[in-house]
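Listing of entry.cif; format and content: mmCIF, C-alpha atoms.
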```cif
data_query
loop_
_atom_site.group_PDB
_atom_site.id
_atom_site.type_symbol
_atom_site.label_atom_id
_atom_site.label_comp_id
_atom_site.auth_asym_id
_atom_site.auth_seq_id
_atom_site.Cartn_x
_atom_site.Cartn_y
_atom_site.Cartn_z
ATOM 1 C CA MET P 1 8.853 -24.610 -6.691
ATOM 2 C CA THR P 2 7.107 -24.805 -3.332
ATOM 3 C CA ASP P 3 3.606 -23.334 -3.366
ATOM 4 C CA HIS P 4 4.118 -20.556 -0.828
ATOM 5 C CA ALA P 5 1.233 -18.610 0.672
ATOM 6 C CA TYR P 6 3.092 -15.291 0.275
ATOM 7 C CA ASP P 7 5.517 -13.925 -2.280
ATOM 8 C CA VAL P 8 7.145 -11.830 0.411
ATOM 9 C CA ALA P 9 6.819 -11.301 4.166
ATOM 10 C CA LEU P 10 7.788 -7.993 5.754
ATOM 11 C CA SER P 11 9.529 -7.986 9.139
ATOM 12 C CA PHE P 12 9.861 -4.564 10.743
ATOM 13 C CA ALA P 13 9.669 -2.590 13.967
ATOM 14 C CA GLY P 14 6.585 -0.515 14.706
ATOM 15 C CA GLU P 15 8.625 2.671 14.407
ATOM 16 C CA ASP P 16 9.308 1.786 10.761
ATOM 17 C CA ARG P 17 5.714 0.942 9.865
ATOM 18 C CA GLU P 18 5.387 3.713 7.275
ATOM 19 C CA VAL P 19 8.170 2.197 5.176
ATOM 20 C CA ALA P 20 6.650 -1.285 5.432
ATOM 21 C CA ARG P 21 3.169 -0.005 4.624
ATOM 22 C CA ASN P 22 4.339 1.897 1.549
ATOM 23 C CA LEU P 23 6.207 -1.123 0.225
ATOM 24 C CA ALA P 24 3.351 -3.543 0.946
ATOM 25 C CA THR P 25 0.849 -1.272 -0.788
ATOM 26 C CA ARG P 26 2.951 -1.027 -3.923
ATOM 27 C CA LEU P 27 3.425 -4.788 -4.128
ATOM 28 C CA ILE P 28 -0.194 -5.736 -3.547
ATOM 29 C CA ALA P 29 -1.230 -3.217 -6.226
ATOM 30 C CA ARG P 30 0.867 -5.275 -8.632
ATOM 31 C CA ASN P 31 -0.929 -8.496 -7.646
ATOM 32 C CA TYR P 32 1.791 -9.925 -5.380
ATOM 33 C CA ARG P 33 0.842 -11.720 -2.169
ATOM 34 C CA VAL P 34 2.325 -9.848 0.778
ATOM 35 C CA PHE P 35 2.323 -10.632 4.475
ATOM 36 C CA TYR P 36 2.012 -7.263 6.192
ATOM 37 C CA ASP P 37 0.407 -7.474 9.627
ATOM 38 C CA GLU P 38 -2.231 -4.753 9.115
ATOM 39 C CA PHE P 39 -3.651 -6.791 6.207
ATOM 40 C CA TYR P 40 -4.166 -9.799 8.493
ATOM 41 C CA GLN P 41 -5.331 -8.377 11.812
ATOM 42 C CA ALA P 42 -8.424 -10.582 11.865
ATOM 43 C CA ASP P 43 -6.327 -13.715 11.322
ATOM 44 C CA LEU P 44 -3.801 -12.741 13.982
ATOM 45 C CA TRP P 45 -6.419 -11.817 16.577
ATOM 46 C CA GLY P 46 -6.531 -14.576 19.205
ATOM 47 C CA SER P 47 -3.989 -16.802 17.462
ATOM 48 C CA ASP P 48 -0.744 -18.109 18.909
ATOM 49 C CA LEU P 49 1.481 -15.409 17.429
ATOM 50 C CA ALA P 50 4.744 -17.242 18.074
ATOM 51 C CA GLN P 51 3.495 -20.271 16.152
ATOM 52 C CA GLN P 52 1.743 -18.369 13.362
ATOM 53 C CA LEU P 53 4.575 -15.912 12.726
ATOM 54 C CA SER P 54 7.100 -18.751 12.763
ATOM 55 C CA ALA P 55 5.133 -20.354 9.938
ATOM 56 C CA VAL P 56 4.931 -17.093 7.968
ATOM 57 C CA TYR P 57 8.630 -16.204 8.250
ATOM 58 C CA GLY P 58 9.930 -19.757 8.197
ATOM 59 C CA GLU P 59 7.844 -21.732 5.698
ATOM 60 C CA GLN P 60 5.080 -19.812 3.970
ATOM 61 C CA SER P 61 6.981 -17.027 2.150
ATOM 62 C CA ARG P 62 9.260 -17.030 -0.893
ATOM 63 C CA TYR P 63 11.285 -14.110 0.472
ATOM 64 C CA CYS P 64 11.500 -12.205 3.722
ATOM 65 C CA ILE P 65 12.382 -8.513 3.774
ATOM 66 C CA ILE P 66 14.049 -7.434 6.997
ATOM 67 C CA ILE P 67 13.792 -3.673 7.541
ATOM 68 C CA VAL P 68 16.959 -3.121 9.538
ATOM 69 C CA SER P 69 17.021 -0.206 11.973
ATOM 70 C CA GLN P 70 17.996 0.611 15.528
ATOM 71 C CA SER P 71 14.396 -0.035 16.577
ATOM 72 C CA TYR P 72 14.359 -3.436 14.854
ATOM 73 C CA ALA P 73 17.434 -4.612 16.759
ATOM 74 C CA THR P 74 15.874 -3.941 20.172
ATOM 75 C CA LYS P 75 12.429 -5.570 19.879
ATOM 76 C CA VAL P 76 11.528 -9.044 21.125
ATOM 77 C CA TRP P 77 9.152 -9.895 18.282
ATOM 78 C CA THR P 78 11.448 -8.686 15.529
ATOM 79 C CA ARG P 79 14.268 -10.810 16.950
ATOM 80 C CA HIS P 80 11.924 -13.810 16.858
ATOM 81 C CA GLU P 81 10.971 -13.100 13.243
ATOM 82 C CA PHE P 82 14.586 -12.540 12.220
ATOM 83 C CA GLN P 83 15.844 -15.733 13.852
ATOM 84 C CA THR P 84 13.041 -17.702 12.182
ATOM 85 C CA ALA P 85 13.842 -16.204 8.779
ATOM 86 C CA MET P 86 17.581 -16.867 9.125
ATOM 87 C CA ALA P 87 16.919 -20.484 10.120
ATOM 88 C CA ALA P 88 14.715 -20.860 7.028
ATOM 89 C CA ALA P 89 17.502 -19.424 4.865
ATOM 90 C CA LEU P 90 20.034 -21.821 6.397
ATOM 91 C CA PHE P 91 18.015 -25.032 6.427
ATOM 92 C CA GLY P 92 15.365 -24.415 3.777
ATOM 93 C CA GLY P 93 17.209 -26.074 0.914
ATOM 94 C CA ASP P 94 15.798 -23.941 -1.921
ATOM 95 C CA ARG P 95 15.781 -20.713 0.113
ATOM 96 C CA ASP P 96 18.929 -19.166 -1.355
ATOM 97 C CA ALA P 97 18.917 -15.371 -0.809
ATOM 98 C CA TYR P 98 15.730 -15.774 1.215
ATOM 99 C CA VAL P 99 16.472 -12.904 3.602
ATOM 100 C CA LEU P 100 16.512 -9.512 1.852
ATOM 101 C CA PRO P 101 17.812 -6.769 4.165
ATOM 102 C CA LEU P 102 16.554 -3.221 3.647
ATOM 103 C CA ARG P 103 18.595 -0.800 5.727
ATOM 104 C CA LEU P 104 17.319 2.418 7.264
ATOM 105 C CA ASP P 105 20.513 3.134 9.216
ATOM 106 C CA ASP P 106 23.887 1.578 10.093
ATOM 107 C CA THR P 107 22.629 -0.681 12.889
ATOM 108 C CA LYS P 108 24.546 -3.945 13.180
ATOM 109 C CA LEU P 109 22.040 -6.759 13.517
ATOM 110 C CA PRO P 110 23.522 -9.779 15.347
ATOM 111 C CA GLY P 111 23.299 -12.798 13.076
ATOM 112 C CA LEU P 112 23.103 -10.805 9.838
ATOM 113 C CA ARG P 113 26.390 -11.425 8.054
ATOM 114 C CA PRO P 114 27.955 -8.276 6.565
ATOM 115 C CA THR P 115 28.534 -10.174 3.316
ATOM 116 C CA ILE P 116 24.786 -10.462 2.625
ATOM 117 C CA GLY P 117 23.747 -7.995 -0.069
ATOM 118 C CA TYR P 118 21.327 -5.303 1.037
ATOM 119 C CA LEU P 119 19.554 -2.160 -0.161
ATOM 120 C CA ASP P 120 19.886 1.107 1.731
ATOM 121 C CA LEU P 121 16.745 3.232 1.795
ATOM 122 C CA ARG P 122 18.947 6.282 2.202
ATOM 123 C CA ASN P 123 20.070 5.658 -1.381
ATOM 124 C CA PHE P 124 16.911 4.118 -2.857
ATOM 125 C CA GLY P 125 13.287 5.231 -2.808
ATOM 126 C CA VAL P 126 10.482 2.829 -1.861
ATOM 127 C CA ASP P 127 9.381 2.772 -5.510
ATOM 128 C CA ASP P 128 12.889 1.657 -6.524
ATOM 129 C CA VAL P 129 12.884 -1.097 -3.902
ATOM 130 C CA ALA P 130 9.468 -2.298 -5.093
ATOM 131 C CA LYS P 131 10.632 -2.448 -8.716
ATOM 132 C CA LEU P 132 13.785 -4.375 -7.836
ATOM 133 C CA LEU P 133 11.785 -6.828 -5.734
ATOM 134 C CA MET P 134 9.335 -7.363 -8.597
ATOM 135 C CA GLN P 135 12.288 -8.226 -10.836
ATOM 136 C CA LYS P 136 13.428 -10.767 -8.253
ATOM 137 C CA LEU P 137 9.950 -12.253 -7.822
ATOM 138 C CA GLY P 138 9.091 -12.396 -11.499
ATOM 139 C CA PRO P 139 5.489 -12.116 -12.724
ATOM 140 C CA PRO P 140 2.829 -12.588 -10.035
ATOM 141 C CA ARG P 141 0.820 -15.780 -10.054
ATOM 142 C CA ASP P 142 -2.582 -15.543 -11.641
ATOM 143 C CA ALA P 143 -5.449 -15.229 -9.182
ATOM 144 C CA GLU P 144 -7.481 -18.384 -8.798
ATOM 145 C CA ALA P 145 -10.597 -18.581 -10.959
ATOM 146 C CA ALA P 146 -12.787 -19.199 -7.925
ATOM 147 C CA GLU P 147 -11.534 -16.007 -6.327
ATOM 148 C CA SER P 148 -12.330 -13.946 -9.414
ATOM 149 C CA ALA P 149 -15.973 -14.951 -9.127
ATOM 150 C CA ASN P 150 -16.308 -13.479 -5.638
ATOM 151 C CA VAL P 151 -17.163 -9.813 -5.127
ATOM 152 C CA THR P 152 -16.818 -8.863 -1.478
ATOM 153 C CA GLY P 153 -15.783 -5.895 0.622
ATOM 154 C CA ILE P 154 -16.250 -3.270 -2.089
ATOM 155 C CA GLU P 155 -19.330 -1.600 -0.591
ATOM 156 C CA GLU P 156 -17.420 -1.097 2.662
ATOM 157 C CA VAL P 157 -14.558 0.480 0.709
ATOM 158 C CA LEU P 158 -16.907 2.882 -1.043
ATOM 159 C CA SER P 159 -18.483 3.798 2.282
ATOM 160 C CA ILE P 160 -15.055 4.576 3.745
ATOM 161 C CA LEU P 161 -14.188 6.747 0.743
ATOM 162 C CA TYR P 162 -17.460 8.649 0.571
ATOM 163 C CA ARG P 163 -16.311 11.780 2.379
ATOM 164 C CA ARG P 164 -16.059 15.493 1.727
ATOM 165 C CA SER P 165 -12.256 15.480 1.725
ATOM 166 C CA ILE P 166 -12.262 13.295 -1.416
ATOM 167 C CA PHE P 167 -15.046 14.965 -3.378
ATOM 168 C CA THR P 168 -14.218 18.604 -2.636
ATOM 169 C CA ARG P 169 -11.781 20.617 -4.744
ATOM 170 C CA PHE P 170 -8.714 21.723 -2.821
ATOM 171 C CA HIS P 171 -9.403 25.451 -3.229
ATOM 172 C CA ALA P 172 -12.931 24.965 -1.852
ATOM 173 C CA GLN P 173 -11.830 23.269 1.378
ATOM 174 C CA LEU P 174 -13.026 24.864 4.597
ATOM 175 C CA SER P 175 -9.900 23.660 6.393
ATOM 176 C CA GLU P 176 -6.753 22.309 4.734
ATOM 177 C CA GLU P 177 -5.724 20.625 8.000
ATOM 178 C CA ALA P 178 -9.101 18.907 8.341
ATOM 179 C CA MET P 179 -8.927 17.710 4.726
ATOM 180 C CA PHE P 180 -5.533 16.049 5.194
ATOM 181 C CA ALA P 181 -6.625 14.534 8.525
ATOM 182 C CA SER P 182 -9.715 13.034 6.884
ATOM 183 C CA MET P 183 -7.675 11.595 4.009
ATOM 184 C CA SER P 184 -5.200 10.112 6.494
ATOM 185 C CA ASN P 185 -8.039 8.477 8.450
ATOM 186 C CA CYS P 186 -9.378 7.153 5.166
ATOM 187 C CA ARG P 187 -6.036 5.539 4.335
ATOM 188 C CA VAL P 188 -5.860 3.813 7.730
ATOM 189 C CA ALA P 189 -9.401 2.464 7.356
ATOM 190 C CA LEU P 190 -8.707 1.140 3.845
ATOM 191 C CA GLN P 191 -5.554 -0.635 4.995
ATOM 192 C CA LYS P 192 -7.680 -2.553 7.485
ATOM 193 C CA GLN P 193 -10.349 -3.332 4.879
ATOM 194 C CA ILE P 194 -8.225 -4.265 1.862
ATOM 195 C CA VAL P 195 -7.633 -7.873 2.924
ATOM 196 C CA PHE P 196 -11.411 -8.516 2.742
ATOM 197 C CA VAL P 197 -11.781 -7.123 -0.792
ATOM 198 C CA ARG P 198 -12.365 -9.481 -3.716
ATOM 199 C CA PRO P 199 -11.785 -10.026 -6.584
ATOM 200 C CA ARG P 200 -8.055 -9.429 -6.886
ATOM 201 C CA GLU P 201 -8.626 -6.678 -9.457
ATOM 202 C CA ALA P 202 -10.701 -4.763 -6.902
ATOM 203 C CA GLN P 203 -8.033 -5.295 -4.257
ATOM 204 C CA GLN P 204 -5.465 -3.801 -6.630
ATOM 205 C CA LEU P 205 -7.677 -0.753 -7.145
ATOM 206 C CA VAL P 206 -7.976 -0.269 -3.388
ATOM 207 C CA ALA P 207 -4.192 -0.541 -3.092
ATOM 208 C CA SER P 208 -3.792 2.155 -5.753
ATOM 209 C CA ILE P 209 -6.216 4.381 -3.812
ATOM 210 C CA ILE P 210 -4.135 3.878 -0.662
ATOM 211 C CA ALA P 211 -1.076 4.935 -2.663
ATOM 212 C CA GLU P 212 -2.871 8.116 -3.782
ATOM 213 C CA LEU P 213 -3.840 8.916 -0.191
ATOM 214 C CA ASP P 214 -0.256 8.303 0.865
ATOM 215 C CA LEU P 215 0.843 10.765 -1.839
ATOM 216 C CA ALA P 216 -1.530 13.386 -0.394
ATOM 217 C CA GLU P 217 -0.063 12.811 3.083
ATOM 218 C CA ARG P 218 3.439 13.386 1.758
ATOM 219 C CA VAL P 219 2.263 16.619 0.122
ATOM 220 C CA SER P 220 0.807 17.770 3.453
ATOM 221 C CA ARG P 221 4.334 17.802 4.864
ATOM 222 C CA GLU P 222 5.706 19.955 2.043
ATOM 223 C CA GLU P 223 5.643 23.713 1.592
ATOM 224 C CA PHE P 224 2.260 24.653 0.128
ATOM 225 C CA THR P 225 1.984 26.214 -3.340
ATOM 226 C CA TRP P 226 -1.082 27.308 -5.265
ATOM 227 C CA ASP P 227 0.069 26.764 -8.845
ATOM 228 C CA GLY P 228 -1.023 23.741 -10.849
ATOM 229 C CA LEU P 229 2.304 21.921 -10.513
ATOM 230 C CA GLY P 230 2.498 22.265 -6.739
ATOM 231 C CA SER P 231 0.635 20.957 -3.737
ATOM 232 C CA MET P 232 -2.878 21.832 -4.849
ATOM 233 C CA GLY P 233 -2.389 20.304 -8.298
ATOM 234 C CA THR P 234 -0.904 17.132 -6.822
ATOM 235 C CA VAL P 235 -3.705 16.595 -4.321
ATOM 236 C CA ASP P 236 -6.464 17.417 -6.815
ATOM 237 C CA GLY P 237 -4.963 14.929 -9.276
ATOM 238 C CA ALA P 238 -4.886 12.260 -6.579
ATOM 239 C CA LYS P 239 -8.528 12.973 -5.686
ATOM 240 C CA LEU P 240 -9.651 12.621 -9.295
ATOM 241 C CA ARG P 241 -7.813 9.311 -9.666
ATOM 242 C CA ILE P 242 -9.443 8.089 -6.439
ATOM 243 C CA ILE P 243 -12.900 9.055 -7.732
ATOM 244 C CA ALA P 244 -12.201 7.258 -11.017
ATOM 245 C CA ALA P 245 -11.177 4.125 -9.102
ATOM 246 C CA MET P 246 -14.335 4.424 -6.993
ATOM 247 C CA GLN P 247 -16.442 4.502 -10.154
ATOM 248 C CA THR P 248 -14.775 1.330 -11.389
ATOM 249 C CA LEU P 249 -15.296 -0.372 -8.027
ATOM 250 C CA ALA P 250 -18.948 0.680 -8.015
ATOM 251 C CA LYS P 251 -19.480 -0.933 -11.435
ATOM 252 C CA MET P 252 -17.742 -4.136 -10.319
ATOM 253 C CA SER P 253 -20.023 -4.474 -7.297
ATOM 254 C CA GLY P 254 -23.204 -3.071 -8.876
ATOM 255 C CA THR P 255 -23.299 -0.340 -6.226
ATOM 256 C CA PRO P 256 -24.801 3.022 -7.238
ATOM 257 C CA LEU P 257 -22.326 5.884 -6.835
ATOM 258 C CA GLU P 258 -23.280 9.516 -7.216
ATOM 259 C CA LEU P 259 -20.960 12.466 -6.884
ATOM 260 C CA PRO P 260 -22.187 15.029 -4.351
ATOM 261 C CA ALA P 261 -23.183 18.407 -5.795
ATOM 262 C CA SER P 262 -23.460 21.961 -4.463
ATOM 263 C CA THR P 263 -26.204 24.356 -5.542
ATOM 264 C CA THR P 264 -24.464 27.474 -4.210
ATOM 265 C CA GLU P 265 -20.913 27.420 -5.589
ATOM 266 C CA GLU P 266 -18.419 25.147 -7.277
ATOM 267 C CA LEU P 267 -17.253 23.041 -4.351
ATOM 268 C CA PHE P 268 -17.357 19.460 -5.577
ATOM 269 C CA TRP P 269 -15.932 17.675 -8.574
ATOM 270 C CA THR P 270 -18.389 17.221 -11.431
ATOM 271 C CA ALA P 271 -18.929 14.058 -13.462
ATOM 272 C CA GLU P 272 -17.077 15.749 -16.339
ATOM 273 C CA ASP P 273 -14.099 16.436 -14.075
ATOM 274 C CA ALA P 274 -14.024 12.839 -12.890
ATOM 275 C CA ASP P 275 -14.270 11.442 -16.439
ATOM 276 C CA ALA P 276 -11.524 13.656 -17.881
ATOM 277 C CA ALA P 277 -7.843 12.733 -17.849
ATOM 278 C CA PRO P 278 -5.884 14.590 -15.142
ATOM 279 C CA SER P 279 -3.662 17.368 -16.456
ATOM 280 C CA GLY P 280 -0.381 18.812 -15.222
ATOM 281 C CA LEU P 281 2.998 17.309 -14.406
ATOM 282 C CA GLU P 282 2.208 16.408 -10.801
ATOM 283 C CA THR P 283 -1.102 14.686 -11.530
ATOM 284 C CA LEU P 284 0.486 12.500 -14.193
ATOM 285 C CA GLU P 285 3.736 11.624 -12.413
ATOM 286 C CA GLY P 286 3.003 12.244 -8.751
ATOM 287 C CA SER P 287 2.209 8.626 -7.995
ATOM 288 C CA MET P 288 3.505 5.208 -8.998
ATOM 289 C CA TYR P 289 -0.082 4.184 -9.725
ATOM 290 C CA GLN P 290 -2.846 5.656 -11.812
ATOM 291 C CA GLY P 291 -6.417 5.150 -10.625
ATOM 292 C CA GLY P 292 -8.707 3.153 -12.927
ATOM 293 C CA GLY P 293 -11.293 4.828 -15.108
ATOM 294 C CA HIS P 294 -9.344 7.699 -16.683
ATOM 295 C CA ASN P 295 -8.326 7.727 -20.309
ATOM 296 C CA GLY P 296 -5.014 9.462 -19.551
#
```
Translate the structure of the given file into structure tokens.
Amino acid sequence: MTDHAYDVALSFAGEDREVARNLATRLIARNYRVFYDEFYQADLWGSDLAQQLSAVYGEQSRYCIIIVSQSYATKVWTRHEFQTAMAAALFGGDRDAYVLPLRLDDTKLPGLRPTIGYLDLRNFGVDDVAKLLMQKLGPPRDAEAAESANVTGIEEVLSILYRRSIFTRFHAQLSEEAMFASMSNCRVALQKQIVFVRPREAQQLVASIIAELDLAERVSREEFTWDGLGSMGTVDGAKLRIIAAMQTLAKMSGTPLELPASTTEELFWTAEDADAAPSGLETLEGSMYQGGGHNG
């Protein structure tokens, strides 16, 4: 089999970025190599995009997921990516079922034959799509030994994560809106940093943290509840898993990590809280990924 640079490349319109981001995060957390533009901003900066993207969607990927929507059908760059991917499927020899359509609506995409099998995100969740794609891809390739020896980018990740919104218990927040805004900013910053993180195990941990932050963002759009199985319990569980992952990252990089403490009232998580397994239905099942470091 051809030694491709990526297991899968994602082609999507900017309006559908959230779907692409969620899928890319889940795949990279499982050690698959994913071309998602936010992971490669430094590489794309200043390059000939037409040439580089033609290589990504035409030669360098095992599969190409096309996120089909009304927005996708109207953009110049998505048309370029789609045409490149379809040409690769037609003339690539071993590229059978190379293009994998993921529909968001009923848009008819010129050049996409109606007989090509697709998934409809109105019937499947992103987690379901990720699991089906992993079945198609098979086990991820082992990371190269040379890569495993490198430890880079972790201190920057810990710096991004070291913020009150992560370490403070939900009920002790001064502003719920400010907390969710800070966690959202944290997610965006990590998505820009993750491509620089090594080794692969650390990169997977960062991807799982992004997934936890994404879970918190989804909760922020739901009706708030105070009981342990509702919004507060879900977000607090995500925070504890993030802190556990941070502790693992700190050990990998040899970076000291101390939890902040309050001398006036119980605001911050304690070391005992962070070491204990999360409890409650939401904290155990609220995310596809569990942060490293917990026993549960």
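What separates CA of Leu27 in chain P from CA of Ser208 in chain P is a distance of 10.1 Å.
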(message) Counting all atoms listed in the file, which residues sit no farther than 12 Å from the position (-15.5, 5.0, -2.2) in the file's frame? I'd like them as a ChimeraX atom specification.
(response) /P:153-167,183,186-187,189-190,202,205-206,209-210,239-251,253,255-259
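What the PyMOL selection byres ((chain P and resi 68) around 8) grabs from this file is Phe12, Ile66, Ile67, Ser69, Gln70, Tyr72, Ala73, Pro101, Leu102, Arg103, Leu104, Asp105, Thr107 and Leu109 of chain P.
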Centre, x/y/z edge lengths, axis-aligned box for range 158-173 of chain P with 5 Å per side, as lines of an AutoDock Vina configuration file:
```
center_x = -13.6
center_y = 14.2
center_z = -0.5
size_x = 19.8
size_y = 32.6
size_z = 18.5
```
Here CA of Tyr98 in chain P and CA of Gly58 in chain P stand apart by 9.9 Å
- Query: Given the file above and the PyMOL selection byres ((chain P and resi 126-136) around 7), which residues are selected, and can you give them as a list in words?
  - Reply: Leu23, Arg26, Leu27, Phe124, Gly125, Leu137 and Gly138 of chain P
Just-selected residues, C-alpha atoms written as a JSON list (two decimals), keeping the file's coordinate frame:
```json
[["chain", "number", "residue", "atom", "x", "y", "z"],
["P", 23, "LEU", "CA", 6.21, -1.12, 0.22],
["P", 26, "ARG", "CA", 2.95, -1.03, -3.92],
["P", 27, "LEU", "CA", 3.42, -4.79, -4.13],
["P", 124, "PHE", "CA", 16.91, 4.12, -2.86],
["P", 125, "GLY", "CA", 13.29, 5.23, -2.81],
["P", 137, "LEU", "CA", 9.95, -12.25, -7.82],
["P", 138, "GLY", "CA", 9.09, -12.40, -11.50]]
```
TODO: Kindly resolve the PyMOL selection byres ((chain P and resi 36-47) around 7) on the present coordinates and return the residues as a VMD selection string.
DONE: chain P and resid 9 to 10 24 34 to 35 48 to 49 191 to 192 194 to 195
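The space between CA of Ala276 in chain P and CA of Met252 in chain P spans 20.3 Å.
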